[in-house]
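What follows is a short report on a single structure.
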Amino acid sequence: MENKNHIVIVSAVRTPFSRFDSAMAVIPSIDLGMMVMKEVIQRVGVKPSEVDDIYYGSCIPAEVALETDVPARQATLLAGFPEENISVSLDRACCSSLTALRFGVMSIRAGEAKIAMAVGSENMPRTPHLAPGLRSGTRLGHIKLIDCLFELGYQAKGFNPVAKDAGEVAVEYGVTREMQDEWALGSQEKYAKAFAGGKFKVGEELMPVVIPQKKGDPIVIDKDESPRKTSMEALAKLKTIYGSPTVTAGNAPPISAGASAILFMTREEAEERGLKPLATIVATVASATAPRGIATIPAHTIEKVLSRAEMTIDQMDMIEINEAFAAMPLVSTKLLAGGDEKKWKELRDKTNVNGGAIAIGHPVGASAARITMTMAYELRRRGGGYGVASICGGLAQGEAVVVKV
Ligand SMILES: CC(C)(COP(=O)(O)OP(=O)(O)OC[C@H]1O[C@@H](n2cnc3c(N)ncnc32)[C@H](O)[C@@H]1OP(=O)(O)O)[C@@H](O)C(=O)NCCC(=O)NCCS
C-alpha cells in the first residue's frame, strides 16, 4: 500500500567518478558537492529555500582542510541555498552519504523537515601531504610528510590497513584471490556492457563536470574515468598491496574524485508538487562490528535492515554491495546465503548487476549515495521491484537501505 507519509526519493544525481590523474583532481570536493546540490534540485524544480535539512558526508578531512572545514556549510552557501539553511558535515567513512540519507529520513519522520538532501563528496586525488611539526619549527634534520591516502588504514592508532583485514578475513571464509579477481573482471565487464547499453549516460544518475580552461574550450567530463579492459591473466600478475594476502590494484577500486546527491520528501509532498518518485525508502539502518570484520559488515547490515523492513533477502530483486574490495560482495553474499552454494550463486548474480566501485571508482564519501541511485535507476528500467544497498566504512561500520521502485 502506498502511504502518503512514506518518504520518497524524487531526484538523485552524481558527477562522473574520476581517475587518480584526472582533470577533476584540481576541483575542491566542496565545489563538486555544490555542483550536485544545485543539479539535484534543479532537475525537479525544487527551490534552494524549500530544502529544510542538508546532510553532507565527506571522509578525507585532509583534502577538505585545504578550505578549512564545514564543507556542508560552505557548499550550501556557494550553491545558493539561503543563509538560514541548516546543514551538517558528517564523517562515517565510506558509509557517510547513506548516513546522510538516514539522518534526513529521521528529520522528516520527526517532523523537523519536509524536504531533505543527502550529499557525499570527495576528491581523493587532491589530498595533500601533511607536514606535522612545522608550526613549531624544525631545528635540525629532515621534514616528515604524511600521506593520508597511503594504506587508508588508521595505522597511526594501531589499526590494520583495510586491505589487510578484508583480504585475511576473505581467505578465512574460503574466498580466494582467484575468486576476487574473477569478481573484479566481472565488475569491469558488467560495467562495460551497461555503458554500451546507454545505462551510464548523462541525464539519469550522471551530470557532466565542466572545467573552464584559461584558453580554449572547457574540459567536459561526462563519463566515469576508471573502467578498463582486463583479463584473468593480467589480474593474476598484479602484486598484493599493504600486506593483504589477496587485494591488488585490480580487485580494489581506484582512488577517485566525485560527488552524489539525493533529494527526498514525503510522498504527500511529492504528490502536491506533481513529482514522480524514483523510489520509496522502505528502511535504513546503521551497524558496526570489530574492525577486522569489515568484509562481513555489509551482510550483517543487510540482515538488520531486512529485519527492520520485515522482508527477506529472497524478496530483493537487486542487491548492491559496495566493492570497497572484491572481498566485500563475495564474503557478504556468502554469509547471506548461509552456506548454501546454490543460493550464494543466486545472490552473486543479482549483486552489482551493472558493475561496481572496482570499475566505476570509489570517491569514498560519495559512494553510498551512488550505489543507492545506481540500484534505483536500474529497478526503474526493469519496471520496478525491491532492492537493498549496503556499504562498509572504515573500522567496520555499515550502512544499508531498502528501496521499492
Ligand atoms: C590499489 C592502489 C594502491 C593502486 O594505486 P596505483 O598504484 O596508483 O594504481 P594504478 O592504477 O597505477 O595500478 C597499479 C598497476 O596495476 C595495474 N592495474 C590496475 N588495475 C588493473 C586491472 N584491472 N588489470 C590489469 N592491470 C591493472 C596498472 O596498470 C598499474 O600497472 P603499472 O604499475 O605497470 O603501470 C589504489 O588504487 C588504492 O589504494 N585503492 C584502494 C582505495 C581504497 O582503499 N578505497 C577504500 C576502500 S575501504
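Numbering starts fresh at 1 for the residues of each chain in the C-alpha cells, the chains themselves are lettered A, B, ... in the order given, and ligands are numbered from 1 as they appear.
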
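Considering only C-alpha atoms and all ligand atoms, every residue of the polymer chains approaching ligand 1 to 6 Å or closer is listed here: Leu152, Val162, Thr230, Ala234, Leu235, Thr248, Ala249, Gly250, Ala252, Pro253, Pro254, Ile255 and Ala324 of chain A.
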
Task: region 125-136 of chain A environment, 8 Å, only C-alpha atoms, sequence neighbours closer than 5 positions dropped, as an MDAnalysis selection string - done: chainID A and resid 20:21 25:28 60 62:63 143:149 255:257

Export of prior selection with C-alpha atoms as a PDB file, in the first residue's frame:
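Written output follows (result_17.pdb):
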```
ATOM      1  CA  PHE A  20      43.714   9.491  -9.933  1.00  0.00           C
ATOM      2  CA  ASP A  21      45.354  11.645 -12.628  1.00  0.00           C
ATOM      3  CA  ALA A  25      41.803  16.356  -9.337  1.00  0.00           C
ATOM      4  CA  VAL A  26      42.101  20.148  -9.060  1.00  0.00           C
ATOM      5  CA  ILE A  27      38.446  20.773  -8.138  1.00  0.00           C
ATOM      6  CA  PRO A  28      37.831  21.073  -4.382  1.00  0.00           C
ATOM      7  CA  ILE A  60      39.015  12.642   3.753  1.00  0.00           C
ATOM      8  CA  ALA A  62      42.907  16.383   4.851  1.00  0.00           C
ATOM      9  CA  GLU A  63      41.505  17.371   1.440  1.00  0.00           C
ATOM     10  CA  ILE A 143      60.987  17.188   7.493  1.00  0.00           C
ATOM     11  CA  LYS A 144      58.395  14.410   7.673  1.00  0.00           C
ATOM     12  CA  LEU A 145      55.464  14.322   5.224  1.00  0.00           C
ATOM     13  CA  ILE A 146      52.449  12.099   5.842  1.00  0.00           C
ATOM     14  CA  ASP A 147      50.263  10.698   3.023  1.00  0.00           C
ATOM     15  CA  CYS A 148      46.771  10.093   4.442  1.00  0.00           C
ATOM     16  CA  LEU A 149      45.807   8.161   1.305  1.00  0.00           C
ATOM     17  CA  ILE A 255      41.342   6.394  -5.956  1.00  0.00           C
ATOM     18  CA  SER A 256      38.707   8.826  -7.255  1.00  0.00           C
ATOM     19  CA  ALA A 257      37.044  12.223  -7.088  1.00  0.00           C
TER      20      ALA A 257
END
```

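Relative to CA of Asp165 (chain A), CA of Ala400 (chain A) is found at 21.1 Å.
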
Give me, as a short mmCIF file (atom, residue, chain, number, x, y, z; two decimals) with N, CA and C atoms, in the first residue's frame, all polymer residues having an atom no more than 12 Å from Lys345 (chain A), counting only C-alpha atoms and skipping those fewer than 2 positions away in the same chain.
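Here's the written file out14.cif:
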```cif
data_model
loop_
_atom_site.label_atom_id
_atom_site.label_comp_id
_atom_site.auth_asym_id
_atom_site.auth_seq_id
_atom_site.Cartn_x
_atom_site.Cartn_y
_atom_site.Cartn_z
N PRO A 329 31.62 -7.89 -1.53
CA PRO A 329 30.43 -8.58 -2.04
C PRO A 329 30.54 -10.09 -1.96
N LEU A 330 31.74 -10.64 -2.11
CA LEU A 330 31.88 -12.10 -2.08
C LEU A 330 31.64 -12.66 -0.68
N THR A 333 27.85 -11.89 0.41
CA THR A 333 26.80 -12.73 -0.20
C THR A 333 26.93 -14.16 0.31
N LYS A 334 28.17 -14.60 0.57
CA LYS A 334 28.34 -15.97 1.09
C LYS A 334 27.68 -16.09 2.47
N LEU A 335 27.88 -15.06 3.30
CA LEU A 335 27.25 -15.08 4.63
C LEU A 335 25.73 -15.05 4.51
N LEU A 336 25.24 -14.22 3.60
CA LEU A 336 23.78 -14.11 3.44
C LEU A 336 23.17 -15.41 2.93
N ALA A 337 23.98 -16.18 2.18
CA ALA A 337 23.49 -17.46 1.65
C ALA A 337 23.49 -18.55 2.70
N GLY A 338 24.15 -18.30 3.83
CA GLY A 338 24.12 -19.25 4.96
C GLY A 338 24.68 -20.61 4.62
N GLY A 339 25.71 -20.67 3.78
CA GLY A 339 26.36 -21.95 3.49
C GLY A 339 25.74 -22.72 2.34
N ASP A 340 24.69 -22.18 1.73
CA ASP A 340 24.02 -22.85 0.60
C ASP A 340 24.69 -22.35 -0.70
N GLU A 341 25.44 -23.25 -1.37
CA GLU A 341 26.24 -22.86 -2.56
C GLU A 341 25.34 -22.32 -3.68
N LYS A 342 24.17 -22.98 -3.89
CA LYS A 342 23.28 -22.56 -4.98
C LYS A 342 22.74 -21.15 -4.70
N LYS A 343 22.38 -20.96 -3.44
CA LYS A 343 21.82 -19.65 -3.07
C LYS A 343 22.91 -18.58 -3.16
N LEU A 347 22.58 -15.14 -5.24
CA LEU A 347 22.77 -13.81 -4.65
C LEU A 347 23.85 -13.03 -5.40
N ARG A 348 24.94 -13.73 -5.76
CA ARG A 348 26.01 -13.05 -6.52
C ARG A 348 25.47 -12.53 -7.84
N ASP A 349 24.59 -13.32 -8.47
CA ASP A 349 24.06 -12.94 -9.79
C ASP A 349 23.18 -11.69 -9.73
N LYS A 350 22.60 -11.41 -8.57
CA LYS A 350 21.79 -10.18 -8.52
C LYS A 350 22.48 -9.05 -7.74
N THR A 351 23.78 -9.20 -7.56
CA THR A 351 24.55 -8.16 -6.85
C THR A 351 25.38 -7.36 -7.84
#
```

- [ ] Rank A:Leu185, A:Cys94, A:Met179, A:Ala110 by their smallest atom-to-atom distance to Pro298 (chain A), using only C-alpha atoms, and report the top residue only.
- [x]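 Checking each candidate against Pro298 (chain A), we get A:Cys94 as the closest.
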
Open item on the list: Can you pull out the residues contacting Ser87 (chain A)? Cut-off 7 Å, using only C-alpha atoms, and skip same-chain residues under 3 positions away; I want them as number ranges by chain.
Closed with: A: 53-55, 72-73

TODO: Using backbone DSSP assignments, extract all alpha helix (DSSP H) residues from region 165-230 of chain A; output them as JSON, numbers by chain.
DONE: {"A": [165, 166, 167, 168, 169, 170, 171, 172, 177, 178, 179, 180, 181, 182, 183, 184, 185, 186, 187, 188, 189, 190, 191, 192, 193, 194, 195, 196]}

- [ ] Using only C-alpha atoms, pick whichever of A:Glu67, A:Glu83, A:Glu233, A:Glu122 has the shortest atom-to-atom distance to Ser367 (chain A).
- [x]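 Using only C-alpha atoms, the shortest distance to Ser367 (chain A) belongs to A:Glu122.
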
Task: A:Leu379, A:Ala166, A:Val401, A:Val51 ranked by distance to Ile86 (chain A), top pick (using only C-alpha atoms) - done: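 Going through A:Leu379, A:Ala166, A:Val401, A:Val51 one by one, the smallest distance to Ile86 (chain A) is for A:Val51.
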
Contacts of region 339-379 of chain A with region 309-320 of chain A up to 12 Å, shortest pair per row, only C-alpha atoms, as JSON lines:
```
{"residue": "A:Lys343", "atom": "CA", "partner": "A:Asp314", "partner_atom": "CA", "distance": 9.4}
{"residue": "A:Trp344", "atom": "CA", "partner": "A:Ile313", "partner_atom": "CA", "distance": 11.4}
{"residue": "A:Glu346", "atom": "CA", "partner": "A:Asp314", "partner_atom": "CA", "distance": 9.5}
{"residue": "A:Leu347", "atom": "CA", "partner": "A:Ile319", "partner_atom": "CA", "distance": 7.8}
{"residue": "A:Arg348", "atom": "CA", "partner": "A:Ile319", "partner_atom": "CA", "distance": 8.6}
{"residue": "A:Asp349", "atom": "CA", "partner": "A:Met318", "partner_atom": "CA", "distance": 9.0}
{"residue": "A:Lys350", "atom": "CA", "partner": "A:Met318", "partner_atom": "CA", "distance": 5.2}
{"residue": "A:Thr351", "atom": "CA", "partner": "A:Ile319", "partner_atom": "CA", "distance": 4.5}
{"residue": "A:Asn352", "atom": "CA", "partner": "A:Glu320", "partner_atom": "CA", "distance": 5.0}
{"residue": "A:Val353", "atom": "CA", "partner": "A:Met318", "partner_atom": "CA", "distance": 7.8}
{"residue": "A:Asn354", "atom": "CA", "partner": "A:Glu320", "partner_atom": "CA", "distance": 9.7}
{"residue": "A:Gly355", "atom": "CA", "partner": "A:Glu320", "partner_atom": "CA", "distance": 9.5}
{"residue": "A:Gly356", "atom": "CA", "partner": "A:Glu320", "partner_atom": "CA", "distance": 8.2}
{"residue": "A:Ala357", "atom": "CA", "partner": "A:Glu320", "partner_atom": "CA", "distance": 10.4}
{"residue": "A:Ser367", "atom": "CA", "partner": "A:Glu320", "partner_atom": "CA", "distance": 11.2}
{"residue": "A:Ala368", "atom": "CA", "partner": "A:Glu320", "partner_atom": "CA", "distance": 9.8}
{"residue": "A:Ala369", "atom": "CA", "partner": "A:Glu320", "partner_atom": "CA", "distance": 11.2}
{"residue": "A:Arg370", "atom": "CA", "partner": "A:Glu320", "partner_atom": "CA", "distance": 10.0}
{"residue": "A:Ile371", "atom": "CA", "partner": "A:Glu320", "partner_atom": "CA", "distance": 6.2}
{"residue": "A:Thr372", "atom": "CA", "partner": "A:Glu320", "partner_atom": "CA", "distance": 7.6}
{"residue": "A:Met373", "atom": "CA", "partner": "A:Glu320", "partner_atom": "CA", "distance": 10.1}
{"residue": "A:Thr374", "atom": "CA", "partner": "A:Glu320", "partner_atom": "CA", "distance": 8.6}
{"residue": "A:Met375", "atom": "CA", "partner": "A:Glu320", "partner_atom": "CA", "distance": 6.8}
{"residue": "A:Ala376", "atom": "CA", "partner": "A:Met318", "partner_atom": "CA", "distance": 9.3}
{"residue": "A:Tyr377", "atom": "CA", "partner": "A:Met318", "partner_atom": "CA", "distance": 11.3}
{"residue": "A:Glu378", "atom": "CA", "partner": "A:Met318", "partner_atom": "CA", "distance": 8.8}
{"residue": "A:Leu379", "atom": "CA", "partner": "A:Met318", "partner_atom": "CA", "distance": 7.6}
```

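Take CA of Ala79 (chain A) and CA of Glu205 (chain A): the distance between them is 19.4 Å.
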
Open item on the list: I want to know what sits within 10 Å of Gln397 (chain A), based on only C-alpha atoms, with residues of the same chain fewer than 5 positions away left out; could you give that as a ChimeraX atom specification?
Closed with: /A:92-95,286-291,293-294,297-298,301,391-392

- [ ] Considering only C-alpha atoms, state which residue in the set A:Gly57, A:Pro71, A:Gly365, A:Gly137 is at the smallest distance from Phe103 (chain A).
- [x]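 That would be A:Gly57, the residue with the smallest distance to Phe103 (chain A).
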
- [ ] Select, from A:Val305, A:Leu395, A:Ile241, A:Ala359, the residue with the minimum atom-to-atom distance to Pro227 (chain A), counting only C-alpha atoms.
- [x]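 Under the stated criterion, the closest residue is A:Ala359.
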
Open item on the list: Would you pick out the contacts of Phe195 (chain A) at 10 Å or less, using only C-alpha atoms, so that residues sharing its chain but fewer than 4 positions from it are not included, and give the list as a list in words?
Closed with: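 Non-adjacent residues within range: Glu189, Lys190, Tyr191, Lys199, Phe200, Lys201, Lys223, Asp224, Pro227, Asn354 and Gly355 of chain A.
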
Open item on the list: Restricting the calculation to only C-alpha atoms: of A:Ile211, A:Val88, A:Ala65, A:Ile115, which residue gets closest to Ala270 (chain A)?
Closed with: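 So, comparing all the options, the nearest one is A:Ile115.
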
Region 8-17 of chain A surroundings by only C-alpha atoms, 8 Å radius, close-in-sequence under 2 positions cut, as a PDB file with N, CA and C atoms, in the first residue's frame:
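The resulting file, part.pdb, is shown below:
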```pdb
ATOM      1  N   HIS A   6       5.016   7.910   3.572  1.00  0.00           N
ATOM      2  CA  HIS A   6       6.262   7.277   3.141  1.00  0.00           C
ATOM      3  C   HIS A   6       7.217   8.330   2.620  1.00  0.00           C
ATOM      4  N   ARG A  19      39.519   9.365 -12.411  1.00  0.00           N
ATOM      5  CA  ARG A  19      40.778   8.638 -12.194  1.00  0.00           C
ATOM      6  C   ARG A  19      41.647   9.431 -11.233  1.00  0.00           C
ATOM      7  N   LEU A  32      32.645  20.188  -5.998  1.00  0.00           N
ATOM      8  CA  LEU A  32      31.930  19.036  -6.585  1.00  0.00           C
ATOM      9  C   LEU A  32      30.594  18.845  -5.861  1.00  0.00           C
ATOM     10  N   VAL A  36      26.491  18.977  -7.486  1.00  0.00           N
ATOM     11  CA  VAL A  36      25.384  18.001  -7.407  1.00  0.00           C
ATOM     12  C   VAL A  36      24.205  18.560  -6.611  1.00  0.00           C
ATOM     13  N   GLU A  39      22.233  20.665  -9.045  1.00  0.00           N
ATOM     14  CA  GLU A  39      21.602  19.845 -10.102  1.00  0.00           C
ATOM     15  C   GLU A  39      20.425  19.025  -9.547  1.00  0.00           C
ATOM     16  N   VAL A  40      20.595  18.470  -8.336  1.00  0.00           N
ATOM     17  CA  VAL A  40      19.568  17.546  -7.821  1.00  0.00           C
ATOM     18  C   VAL A  40      18.245  18.263  -7.556  1.00  0.00           C
ATOM     19  N   ILE A  41      18.308  19.551  -7.207  1.00  0.00           N
ATOM     20  CA  ILE A  41      17.039  20.285  -7.000  1.00  0.00           C
ATOM     21  C   ILE A  41      16.519  20.853  -8.308  1.00  0.00           C
ATOM     22  N   ARG A  43      16.681  19.681 -11.258  1.00  0.00           N
ATOM     23  CA  ARG A  43      16.014  18.672 -12.103  1.00  0.00           C
ATOM     24  C   ARG A  43      14.538  18.508 -11.783  1.00  0.00           C
ATOM     25  N   VAL A  44      14.147  18.811 -10.531  1.00  0.00           N
ATOM     26  CA  VAL A  44      12.742  18.610 -10.146  1.00  0.00           C
ATOM     27  C   VAL A  44      12.064  19.915  -9.732  1.00  0.00           C
ATOM     28  N   GLU A 204      20.461  10.515 -16.407  1.00  0.00           N
ATOM     29  CA  GLU A 204      19.933   9.685 -15.322  1.00  0.00           C
ATOM     30  C   GLU A 204      20.787   9.986 -14.102  1.00  0.00           C
ATOM     31  N   GLU A 205      21.620   8.998 -13.657  1.00  0.00           N
ATOM     32  CA  GLU A 205      22.390   9.300 -12.449  1.00  0.00           C
ATOM     33  C   GLU A 205      23.534  10.286 -12.703  1.00  0.00           C
ATOM     34  N   LEU A 206      23.923  10.458 -13.951  1.00  0.00           N
ATOM     35  CA  LEU A 206      25.112  11.288 -14.224  1.00  0.00           C
ATOM     36  C   LEU A 206      24.800  12.713 -14.653  1.00  0.00           C
ATOM     37  N   MET A 207      25.607  13.650 -14.167  1.00  0.00           N
ATOM     38  CA  MET A 207      25.656  15.011 -14.709  1.00  0.00           C
ATOM     39  C   MET A 207      27.099  15.259 -15.149  1.00  0.00           C
ATOM     40  N   PRO A 208      27.319  16.126 -16.134  1.00  0.00           N
ATOM     41  CA  PRO A 208      28.704  16.371 -16.548  1.00  0.00           C
ATOM     42  C   PRO A 208      29.419  17.336 -15.595  1.00  0.00           C
ATOM     43  N   VAL A 209      30.724  17.224 -15.541  1.00  0.00           N
ATOM     44  CA  VAL A 209      31.542  18.224 -14.841  1.00  0.00           C
ATOM     45  C   VAL A 209      32.246  19.039 -15.914  1.00  0.00           C
ATOM     46  N   ILE A 221      33.774  16.521 -18.549  1.00  0.00           N
ATOM     47  CA  ILE A 221      33.870  15.099 -18.150  1.00  0.00           C
ATOM     48  C   ILE A 221      32.444  14.583 -18.017  1.00  0.00           C
ATOM     49  N   ASP A 222      32.083  13.659 -18.873  1.00  0.00           N
ATOM     50  CA  ASP A 222      30.690  13.193 -18.874  1.00  0.00           C
ATOM     51  C   ASP A 222      30.582  11.680 -18.728  1.00  0.00           C
ATOM     52  N   LYS A 223      31.701  11.046 -18.355  1.00  0.00           N
ATOM     53  CA  LYS A 223      31.598   9.609 -18.057  1.00  0.00           C
ATOM     54  C   LYS A 223      32.654   9.214 -17.016  1.00  0.00           C
ATOM     55  N   ASP A 224      32.392   8.098 -16.362  1.00  0.00           N
ATOM     56  CA  ASP A 224      33.343   7.590 -15.364  1.00  0.00           C
ATOM     57  C   ASP A 224      34.678   7.322 -16.052  1.00  0.00           C
ATOM     58  N   GLU A 225      35.753   7.642 -15.336  1.00  0.00           N
ATOM     59  CA  GLU A 225      37.058   7.603 -16.000  1.00  0.00           C
ATOM     60  C   GLU A 225      37.870   6.337 -15.728  1.00  0.00           C
ATOM     61  N   SER A 226      37.440   5.511 -14.760  1.00  0.00           N
ATOM     62  CA  SER A 226      38.307   4.399 -14.353  1.00  0.00           C
ATOM     63  C   SER A 226      38.082   3.051 -15.024  1.00  0.00           C
ATOM     64  N   SER A 256      39.560   8.027  -6.365  1.00  0.00           N
ATOM     65  CA  SER A 256      38.707   8.826  -7.255  1.00  0.00           C
ATOM     66  C   SER A 256      38.256  10.141  -6.625  1.00  0.00           C
ATOM     67  N   ALA A 257      37.799  11.038  -7.504  1.00  0.00           N
ATOM     68  CA  ALA A 257      37.044  12.223  -7.088  1.00  0.00           C
ATOM     69  C   ALA A 257      35.620  12.064  -7.588  1.00  0.00           C
ATOM     70  N   GLY A 258      34.661  12.630  -6.848  1.00  0.00           N
ATOM     71  CA  GLY A 258      33.271  12.579  -7.309  1.00  0.00           C
ATOM     72  C   GLY A 258      32.320  13.005  -6.208  1.00  0.00           C
ATOM     73  N   ALA A 259      31.090  13.308  -6.610  1.00  0.00           N
ATOM     74  CA  ALA A 259      30.066  13.731  -5.639  1.00  0.00           C
ATOM     75  C   ALA A 259      28.709  13.176  -6.056  1.00  0.00           C
ATOM     76  N   SER A 260      27.842  12.961  -5.056  1.00  0.00           N
ATOM     77  CA  SER A 260      26.497  12.427  -5.293  1.00  0.00           C
ATOM     78  C   SER A 260      25.502  13.178  -4.408  1.00  0.00           C
ATOM     79  N   ALA A 261      24.276  13.280  -4.883  1.00  0.00           N
ATOM     80  CA  ALA A 261      23.236  13.904  -4.039  1.00  0.00           C
ATOM     81  C   ALA A 261      21.888  13.241  -4.289  1.00  0.00           C
ATOM     82  N   ILE A 262      21.120  13.115  -3.201  1.00  0.00           N
ATOM     83  CA  ILE A 262      19.776  12.521  -3.267  1.00  0.00           C
ATOM     84  C   ILE A 262      18.810  13.492  -2.573  1.00  0.00           C
ATOM     85  N   LEU A 263      17.677  13.772  -3.220  1.00  0.00           N
ATOM     86  CA  LEU A 263      16.659  14.657  -2.645  1.00  0.00           C
ATOM     87  C   LEU A 263      15.438  13.815  -2.299  1.00  0.00           C
ATOM     88  N   PHE A 264      14.907  13.997  -1.084  1.00  0.00           N
ATOM     89  CA  PHE A 264      13.777  13.159  -0.678  1.00  0.00           C
ATOM     90  C   PHE A 264      12.799  13.943   0.183  1.00  0.00           C
ATOM     91  N   MET A 265      11.562  13.440   0.215  1.00  0.00           N
ATOM     92  CA  MET A 265      10.457  14.126   0.895  1.00  0.00           C
ATOM     93  C   MET A 265       9.340  13.106   1.130  1.00  0.00           C
ATOM     94  N   THR A 266       8.261  13.521   1.811  1.00  0.00           N
ATOM     95  CA  THR A 266       7.144  12.578   1.956  1.00  0.00           C
ATOM     96  C   THR A 266       6.446  12.421   0.610  1.00  0.00           C
ATOM     97  N   ARG A 267       5.761  11.293   0.448  1.00  0.00           N
ATOM     98  CA  ARG A 267       5.011  11.073  -0.791  1.00  0.00           C
ATOM     99  C   ARG A 267       3.963  12.179  -0.971  1.00  0.00           C
ATOM    100  N   ALA A 270       5.593  15.139  -2.428  1.00  0.00           N
ATOM    101  CA  ALA A 270       5.915  14.889  -3.837  1.00  0.00           C
ATOM    102  C   ALA A 270       4.657  14.996  -4.692  1.00  0.00           C
ATOM    103  N   LEU A 275       5.457  15.558  -8.518  1.00  0.00           N
ATOM    104  CA  LEU A 275       6.716  14.852  -8.815  1.00  0.00           C
ATOM    105  C   LEU A 275       6.501  13.348  -8.776  1.00  0.00           C
ATOM    106  N   LYS A 276       7.111  12.653  -9.723  1.00  0.00           N
ATOM    107  CA  LYS A 276       7.011  11.199  -9.761  1.00  0.00           C
ATOM    108  C   LYS A 276       8.214  10.639  -9.012  1.00  0.00           C
ATOM    109  N   PRO A 277       7.995   9.959  -7.888  1.00  0.00           N
ATOM    110  CA  PRO A 277       9.155   9.461  -7.132  1.00  0.00           C
ATOM    111  C   PRO A 277       9.990   8.459  -7.930  1.00  0.00           C
ATOM    112  N   LEU A 278      11.295   8.505  -7.693  1.00  0.00           N
ATOM    113  CA  LEU A 278      12.189   7.493  -8.268  1.00  0.00           C
ATOM    114  C   LEU A 278      12.094   6.214  -7.438  1.00  0.00           C
ATOM    115  N   ALA A 279      11.989   6.354  -6.122  1.00  0.00           N
ATOM    116  CA  ALA A 279      11.955   5.171  -5.242  1.00  0.00           C
ATOM    117  C   ALA A 279      11.364   5.548  -3.889  1.00  0.00           C
ATOM    118  N   THR A 280      10.797   4.556  -3.218  1.00  0.00           N
ATOM    119  CA  THR A 280      10.336   4.733  -1.840  1.00  0.00           C
ATOM    120  C   THR A 280      11.402   4.172  -0.902  1.00  0.00           C
ATOM    121  N   ILE A 281      11.727   4.928   0.145  1.00  0.00           N
ATOM    122  CA  ILE A 281      12.700   4.436   1.118  1.00  0.00           C
ATOM    123  C   ILE A 281      11.942   3.571   2.128  1.00  0.00           C
ATOM    124  N   ILE A 360      33.814   1.518 -11.512  1.00  0.00           N
ATOM    125  CA  ILE A 360      33.265   2.884 -11.536  1.00  0.00           C
ATOM    126  C   ILE A 360      34.164   3.868 -10.801  1.00  0.00           C
ATOM    127  N   GLY A 361      34.797   3.396  -9.722  1.00  0.00           N
ATOM    128  CA  GLY A 361      35.581   4.278  -8.856  1.00  0.00           C
ATOM    129  C   GLY A 361      34.904   4.399  -7.505  1.00  0.00           C
ATOM    130  N   HIS A 362      35.642   4.923  -6.534  1.00  0.00           N
ATOM    131  CA  HIS A 362      35.154   4.943  -5.157  1.00  0.00           C
ATOM    132  C   HIS A 362      35.642   6.206  -4.445  1.00  0.00           C
ATOM    133  N   PRO A 363      35.027   7.374  -4.797  1.00  0.00           N
ATOM    134  CA  PRO A 363      35.325   8.592  -4.036  1.00  0.00           C
ATOM    135  C   PRO A 363      34.597   8.471  -2.694  1.00  0.00           C
ATOM    136  N   ARG A 370      25.850   6.787  -4.278  1.00  0.00           N
ATOM    137  CA  ARG A 370      25.981   6.264  -5.660  1.00  0.00           C
ATOM    138  C   ARG A 370      25.368   4.871  -5.792  1.00  0.00           C
ATOM    139  N   MET A 373      21.526   5.127  -5.795  1.00  0.00           N
ATOM    140  CA  MET A 373      20.872   5.624  -7.021  1.00  0.00           C
ATOM    141  C   MET A 373      21.101   4.685  -8.206  1.00  0.00           C
TER     142      MET A 373
END
```
